[in-house]
Amino acid sequence: MSTPQAHMETLPRSVQALLSIGLMALLAFPFAGQDFYTQMVTRMMILAIFSMSLDLLQGITGLVSLGHAAYFGLAGYVLAFLSPADTGASWAISLPLAILGAALVALVIGCLVVRTHGIYFIMVTMAFSQMVYFLFFDNKGLGGSDGLYINVRPVALGLDMENKQVLYYFTLVCLVLVYVFLRRLLVSPFGRTLNGIRLNEHRTQALGYDSFSYKLTAFTLAGALAGLAGYLWAAQSGYVNPELMGFHMSAHAIMMVILGGMGNVAGALVGAFGFELFMHVFKDLPQVGGFDLGKHWQLWMGLLIVLVVVIAPQGLMGLLRPGSRAK
Amino acid sequence: MDLANILIQLLNSVQYGLLLFLLAAGLTLIFGIMGVVNLAHGSFYMLGAYLAYSLTNTWGNLALAVVVGTLISVTIGWLLEKLLFKHFYHRSHLDQVLLTFGLIYLFEELRSMLWGDDVHSVAVPAVLDWSIHLTDTLSYPAYRLFMLVVCSALALGLWLLISQTKLGMKIRAGAFNSDMAQAMGVNIVRLHSLVFAMGVALATLGGMLIAPLSSVYPYMGSQVLIMCFVVVVIGGIGSVRGALIAALLVGLVDTFGKVLLPQFASMLVYVLMALVLLLKPEGLFKQ
């Protein structure tokens with residue numbers, strides 16, 4: 001795998017077209033859809049931000065984190081703590097604080113974990129996210145296992161997130177900004193160094209790059225972006241609970257990235273939408289001969305994941321790329 | 001805490017530790033020899049518990065259920081290895097994580113189809129349904145002691161198998177350097193099947209034995225799986241001895257943590273893991 005192709009620094013025409021159509025569809029969607037669907041798509045966009053943030057680690061730097069949900073959930077809790085009982089918190093204040101909080105925790109945990117490699121990295125990131133999970137799960141003062149409610153959604157500068165459409169477009173703007181930011185990062189010297197670390201860390205070090213600080217920066221940045229997603233998630237759903245930081249949420253993120261194809265940001269974006277769409281399709285499957293296909297959506301989801309790993313290890317984007325072959 | 005209480009907690013922690021060991025031993029071997037991260041290992045534990053539930057309901061006999069259940073699970077494990085896992089030994093850890101996470105979904109849903117989503121309980125066998133009085137107010141159930149003995153026997157058996165027999169030598173060789181072992185004439189394909197089936201058997205056995213003590217419930221494999229990974233990583237990947245010591249350590253920290261520091265107990269185990277990894281990045285007994 002040589003680098004520019006692997007990261008699709010120039011996206012294939014088909015993907016560019018897909019993304020442009022997707023963006024236009026997203027811009028127009030609230031005018032056509034009902035509230036229910038607007039909320040569903042908002043959720044997908046939030047997960048897409050989360051998924052792209054993980055791609056920075058997993059696909060670009062080659063660090064597989066099984067604890068990425070910790071930063072997602074933490075930012076949501078920051079919003080919950082900052083929200084007064086009867087009015088909305090100002091997002092102009094709480095959003096930066098939530099992102100900062102997630103980034104700080106990622107920085108501290110990152111200092112410890114980016115020293116480890118391979119399977120140990122997977123395990124240590126999982127251990128730290130479990131620590132955070134249980135800290136919240138076992139302490140009533142932090143909401144305990146039930147979590148916390150955000151009674152009124154954030155509001156500031158005339159933008160009230162109680163309004164579903166406002167929240168939708170706010171999320172869309174964030175999505176586009178994160179996408180553009182990460183795509184630019186990919187081709188920047190910083191991004192190329194991260195890519196070098198993924199391909200061969202020793203060689204990158206030998207060239208004079210301090211791989212520790214590069215990996216730590218990537219880890220912190222990914223944590224911050226996951227925090228942005230977590231904040232939006234909490235703002236949308238109106239409550240937070242420890243499950244947001246749990247093992248399943250972290251694995252969910254990994255699956256979204258893989259489904260789309262990692263290392264090029266666009267794949268993570270497509271994967272998040274794809275994953276949610278598949279889930280909704282499976283849940284809506286009809287009843288066939290007394291057997292409710294939709295009720296057992298997890299079965300189809302599981303099969304899908306197994307199939308993707310077996311047949312298309314490079315994800316949906318890998319299928320779109322001409323001339324690509326699985327390893 | 002008085003002496004009797006400490007004794008009870010100590011017994012509990014050893015029993016919990018040994019149960020973790022049953023699961024972690026298979027996991028660490030599969031990890032060490034085949035290089036596979038198997039997140040679905042916890043599902044075998046759940047399978048064991050559910051098998052114990054339906055087989056004891058049918059026959060009213062836990063012992064028989066354990067024997068038949070082990071046979072069923074070994075068959076399932078063997079088939080899974082042949083059909084699926086075999087093809088993932090040389091894939092990246094990421095692919096393995098994903099595959100086995102997909103399997104968790106599959107197994108949970110199959111469980112829901114076969115047994116539903118309710119919580120069930122398994123009766124303690126009548127012969128063991130009594131307790132030992134320690135003081136006027138404290139007593140210790142015989143089944144827990146029985147479990148302690150069975151788990152110790154299994155741990156001892158496993159240790160003998162690995163350290164004293166020819167098969168054990170091959171397993172150790174495989175964990176140390178799989179390619180080299182193969183070059184020396186070890187039939188690595190058969191060894192893989194065997195180790196995988198053994199790991200599955202131990203995990204289901206753990207699930208069957210714990211069934212009368214804990215209830216049988218959906219997703220019961222998830223939490224225990226994460227604990228087992230902690231044990232494997234603390235002990236050092238591929239080391240059965242490390243897994244035993246780490247399992248007992250985790251059992252102690254978790255049990256006493258829950259008594260002394262209830263608010264931070266669940267965290268403590270992960271703190272322990274982080275500390276070990278910071279001091280010895282490859283675990284306590286990395287081969």
# chains A, B, ... in the order shown; residues from 1 in each chain; ligands from 1
>>> interface_residues(of="chain B", to="chain A", cutoff="6 Å", atoms="only C-alpha atoms", output="list of chain:residue names")
B:Leu99, B:Gly102, B:Tyr105, B:Leu106, B:Glu109, B:Gln263, B:Ser266, B:Met267, B:Tyr270
>>> select_by_dssp(residues="stretch 134-236 of chain B", states="alpha helix (DSSP H)", output="NGL selection string")
:B and (142-164 or 166-176 or 178-183 or 188-210 or 220-235)
>>> residues_around(residues="A:Glu243", least_positions_apart="6", cutoff="10 Å", atoms="only C-alpha atoms", output="list in words")
Ala69, Ala70, Gly73, Tyr133, Phe136, Phe137, Ser145, Asp146, Gly147, Met249 and Ser250 of chain A
>>> write_last_selection(atoms="C-alpha atoms", output="PDB file, in the first residue's frame")
ATOM      1  CA  ALA A  69     -16.117   6.582  23.564  1.00  0.00           C
ATOM      2  CA  ALA A  70     -14.656   7.874  26.842  1.00  0.00           C
ATOM      3  CA  GLY A  73     -19.216  10.618  26.751  1.00  0.00           C
ATOM      4  CA  TYR A 133     -17.056   4.456  32.711  1.00  0.00           C
ATOM      5  CA  PHE A 136     -19.418   7.662  36.533  1.00  0.00           C
ATOM      6  CA  PHE A 137     -21.346   4.404  36.889  1.00  0.00           C
ATOM      7  CA  SER A 145     -25.854   4.323  36.410  1.00  0.00           C
ATOM      8  CA  ASP A 146     -28.982   6.328  35.503  1.00  0.00           C
ATOM      9  CA  GLY A 147     -27.048   9.272  34.136  1.00  0.00           C
ATOM     10  CA  MET A 249     -19.955   2.630  22.004  1.00  0.00           C
ATOM     11  CA  SER A 250     -16.214   2.401  21.395  1.00  0.00           C
TER      12      SER A 250
END
>>> select_by_dssp(residues="stretch 39-182 of chain B", states="strand (DSSP E)", output="PyMOL selection string")
chain B and resi 131-133+139-141
>>> write_last_selection(atoms="C-alpha atoms", output="PDB file, in the first residue's frame")
ATOM      1  CA  SER B 131     -23.952 -23.989  54.273  1.00  0.00           C
ATOM      2  CA  ILE B 132     -21.185 -24.041  56.808  1.00  0.00           C
ATOM      3  CA  HIS B 133     -21.722 -21.945  59.920  1.00  0.00           C
ATOM      4  CA  SER B 139     -22.170 -18.828  57.073  1.00  0.00           C
ATOM      5  CA  TYR B 140     -20.620 -19.968  53.826  1.00  0.00           C
ATOM      6  CA  PRO B 141     -22.593 -21.856  51.177  1.00  0.00           C
TER       7      PRO B 141
END
>>> atom_distance(atom1="atom CA of B:Leu20", atom2="atom CA of B:Leu79")
24.4 Å
>>> residues_around(residues="stretch 49-53 of chain B", least_positions_apart="4", cutoff="12 Å", atoms="only C-alpha atoms", output="ChimeraX atom specification")
/B:42-45,57-73,107-108,110-112,114-125,203-221
>>> closest_residue(among="B:Leu158, B:Ile234, B:Ile33, B:Ala201", to="B:Leu279", atoms="only C-alpha atoms")
B:Ile234
>>> residues_around(residues="stretch 146-149 of chain B", least_positions_apart="3", cutoff="9 Å", atoms="only C-alpha atoms", output="ChimeraX atom specification")
/B:11-12,14-16,18-19,128,141-143,152-154,209-210
>>> write_last_selection(atoms="N, CA and C atoms", output="short mmCIF file (atom, residue, chain, number, x, y, z; two decimals), in the first residue's frame")
data_model
loop_
_atom_site.label_atom_id
_atom_site.label_comp_id
_atom_site.auth_asym_id
_atom_site.auth_seq_id
_atom_site.Cartn_x
_atom_site.Cartn_y
_atom_site.Cartn_z
N LEU B 11 -12.21 -16.14 50.61
CA LEU B 11 -12.70 -17.28 49.84
C LEU B 11 -13.39 -16.81 48.57
N ASN B 12 -14.21 -15.78 48.71
CA ASN B 12 -14.92 -15.25 47.54
C ASN B 12 -13.96 -14.76 46.48
N VAL B 14 -10.85 -15.65 45.99
CA VAL B 14 -10.13 -16.76 45.35
C VAL B 14 -11.05 -17.46 44.36
N GLN B 15 -12.30 -17.65 44.77
CA GLN B 15 -13.26 -18.32 43.90
C GLN B 15 -13.49 -17.50 42.63
N TYR B 16 -13.64 -16.19 42.78
CA TYR B 16 -13.83 -15.31 41.62
C TYR B 16 -12.59 -15.33 40.73
N LEU B 18 -10.38 -17.71 40.46
CA LEU B 18 -10.24 -18.98 39.74
C LEU B 18 -11.23 -19.07 38.58
N LEU B 19 -12.42 -18.52 38.78
CA LEU B 19 -13.40 -18.50 37.68
C LEU B 19 -12.85 -17.69 36.51
N LEU B 128 -25.55 -30.18 47.47
CA LEU B 128 -24.66 -29.08 47.87
C LEU B 128 -25.44 -27.89 48.41
N PRO B 141 -21.88 -20.82 51.91
CA PRO B 141 -22.59 -21.86 51.18
C PRO B 141 -21.65 -22.94 50.65
N ALA B 142 -22.13 -24.18 50.75
CA ALA B 142 -21.30 -25.31 50.35
C ALA B 142 -21.00 -25.27 48.85
N TYR B 143 -21.96 -24.78 48.05
CA TYR B 143 -21.74 -24.78 46.61
C TYR B 143 -20.53 -23.92 46.24
N SER B 152 -10.08 -25.09 41.45
CA SER B 152 -8.68 -25.35 41.80
C SER B 152 -8.21 -26.61 41.09
N ALA B 153 -9.06 -27.65 41.10
CA ALA B 153 -8.69 -28.90 40.44
C ALA B 153 -8.45 -28.66 38.95
N LEU B 154 -9.34 -27.88 38.34
CA LEU B 154 -9.18 -27.59 36.91
C LEU B 154 -7.89 -26.82 36.64
N LEU B 209 -20.63 -23.62 35.78
CA LEU B 209 -20.42 -23.71 37.22
C LEU B 209 -20.97 -22.49 37.95
N ILE B 210 -20.86 -21.32 37.30
CA ILE B 210 -21.30 -20.09 37.98
C ILE B 210 -22.83 -19.97 37.94
#
>>> atom_distance(atom1="atom CA of B:Thr56", atom2="atom CA of B:Ala126")
12.3 Å
>>> atom_distance(atom1="atom CA of A:Lys215", atom2="atom CA of A:Leu185")
13.9 Å
>>> closest_residue(among="A:Pro242, A:Pro84, A:Gly141, A:Gly62", to="A:Leu194", atoms="only C-alpha atoms")
A:Gly62
>>> decode(residues="stretch 224-306 of chain A", atoms="C-alpha atoms", output="CSV table (one decimal), in the first residue's frame")
chain,number,residue,atom,x,y,z
A,224,ALA,CA,-11.3,16.8,21.2
A,225,LEU,CA,-13.3,16.0,18.1
A,226,ALA,CA,-15.0,13.0,19.7
A,227,GLY,CA,-15.9,15.5,22.4
A,228,LEU,CA,-17.6,17.8,19.9
A,229,ALA,CA,-19.6,14.8,18.8
A,230,GLY,CA,-20.4,13.8,22.3
A,231,TYR,CA,-21.6,17.3,23.2
A,232,LEU,CA,-23.9,17.4,20.2
A,233,TRP,CA,-25.2,13.9,21.1
A,234,ALA,CA,-26.0,15.1,24.7
A,235,ALA,CA,-27.6,18.3,23.4
A,236,GLN,CA,-29.8,16.3,21.0
A,237,SER,CA,-30.9,13.4,23.2
A,238,GLY,CA,-31.3,15.6,26.4
A,239,TYR,CA,-29.6,13.1,28.7
A,240,VAL,CA,-26.3,11.4,29.3
A,241,ASN,CA,-25.5,8.0,30.8
A,242,PRO,CA,-22.4,5.9,31.3
A,243,GLU,CA,-23.2,3.8,28.3
A,244,LEU,CA,-22.1,6.7,26.1
A,245,MET,CA,-18.6,6.0,27.4
A,246,GLY,CA,-18.9,2.2,27.3
A,247,PHE,CA,-17.2,-0.6,25.5
A,248,HIS,CA,-20.1,-1.0,23.0
A,249,MET,CA,-20.0,2.6,22.0
A,250,SER,CA,-16.2,2.4,21.4
A,251,ALA,CA,-16.7,-0.7,19.3
A,252,HIS,CA,-19.5,1.0,17.5
A,253,ALA,CA,-17.1,3.7,16.4
A,254,ILE,CA,-14.6,1.2,15.2
A,255,MET,CA,-17.2,-0.6,13.1
A,256,MET,CA,-18.4,2.6,11.5
A,257,VAL,CA,-14.8,3.4,10.4
A,258,ILE,CA,-14.2,-0.1,9.1
A,259,LEU,CA,-17.5,-0.3,7.3
A,260,GLY,CA,-16.7,2.8,5.3
A,261,GLY,CA,-13.0,2.1,4.9
A,262,MET,CA,-10.3,3.8,7.0
A,263,GLY,CA,-7.6,6.3,6.5
A,264,ASN,CA,-9.3,8.7,4.2
A,265,VAL,CA,-11.9,10.5,6.4
A,266,ALA,CA,-14.5,10.2,3.7
A,267,GLY,CA,-14.7,6.5,4.4
A,268,ALA,CA,-15.4,7.1,8.0
A,269,LEU,CA,-18.1,9.6,7.1
A,270,VAL,CA,-19.8,7.2,4.6
A,271,GLY,CA,-19.4,4.3,7.1
A,272,ALA,CA,-21.3,6.2,9.8
A,273,PHE,CA,-24.2,6.9,7.6
A,274,GLY,CA,-24.1,3.4,6.1
A,275,PHE,CA,-24.0,1.7,9.5
A,276,GLU,CA,-27.1,3.6,10.8
A,277,LEU,CA,-28.9,3.1,7.5
A,278,PHE,CA,-28.3,-0.6,7.7
A,279,MET,CA,-29.5,-0.7,11.3
A,280,HIS,CA,-32.7,1.1,10.4
A,281,VAL,CA,-33.3,-1.1,7.4
A,282,PHE,CA,-32.7,-4.3,9.5
A,283,LYS,CA,-35.0,-3.0,12.2
A,284,ASP,CA,-37.8,-2.4,9.7
A,285,LEU,CA,-37.6,-5.8,8.1
A,286,PRO,CA,-41.0,-7.5,7.8
A,287,GLN,CA,-42.4,-10.5,9.5
A,288,VAL,CA,-41.9,-13.6,7.4
A,289,GLY,CA,-44.0,-16.7,8.2
A,290,GLY,CA,-44.3,-16.0,11.9
A,291,PHE,CA,-40.7,-15.0,12.2
A,292,ASP,CA,-40.1,-11.4,12.9
A,293,LEU,CA,-37.0,-10.5,10.9
A,294,GLY,CA,-36.9,-7.0,12.2
A,295,LYS,CA,-36.9,-7.9,15.8
A,296,HIS,CA,-33.7,-9.8,15.3
A,297,TRP,CA,-31.9,-7.0,13.6
A,298,GLN,CA,-28.8,-7.6,15.7
A,299,LEU,CA,-28.4,-10.9,13.9
A,300,TRP,CA,-28.3,-9.3,10.5
A,301,MET,CA,-26.0,-6.6,11.8
A,302,GLY,CA,-23.7,-9.2,13.2
A,303,LEU,CA,-23.7,-11.1,9.9
A,304,LEU,CA,-23.1,-7.8,8.0
A,305,ILE,CA,-20.1,-7.0,10.1
A,306,VAL,CA,-18.7,-10.5,9.7
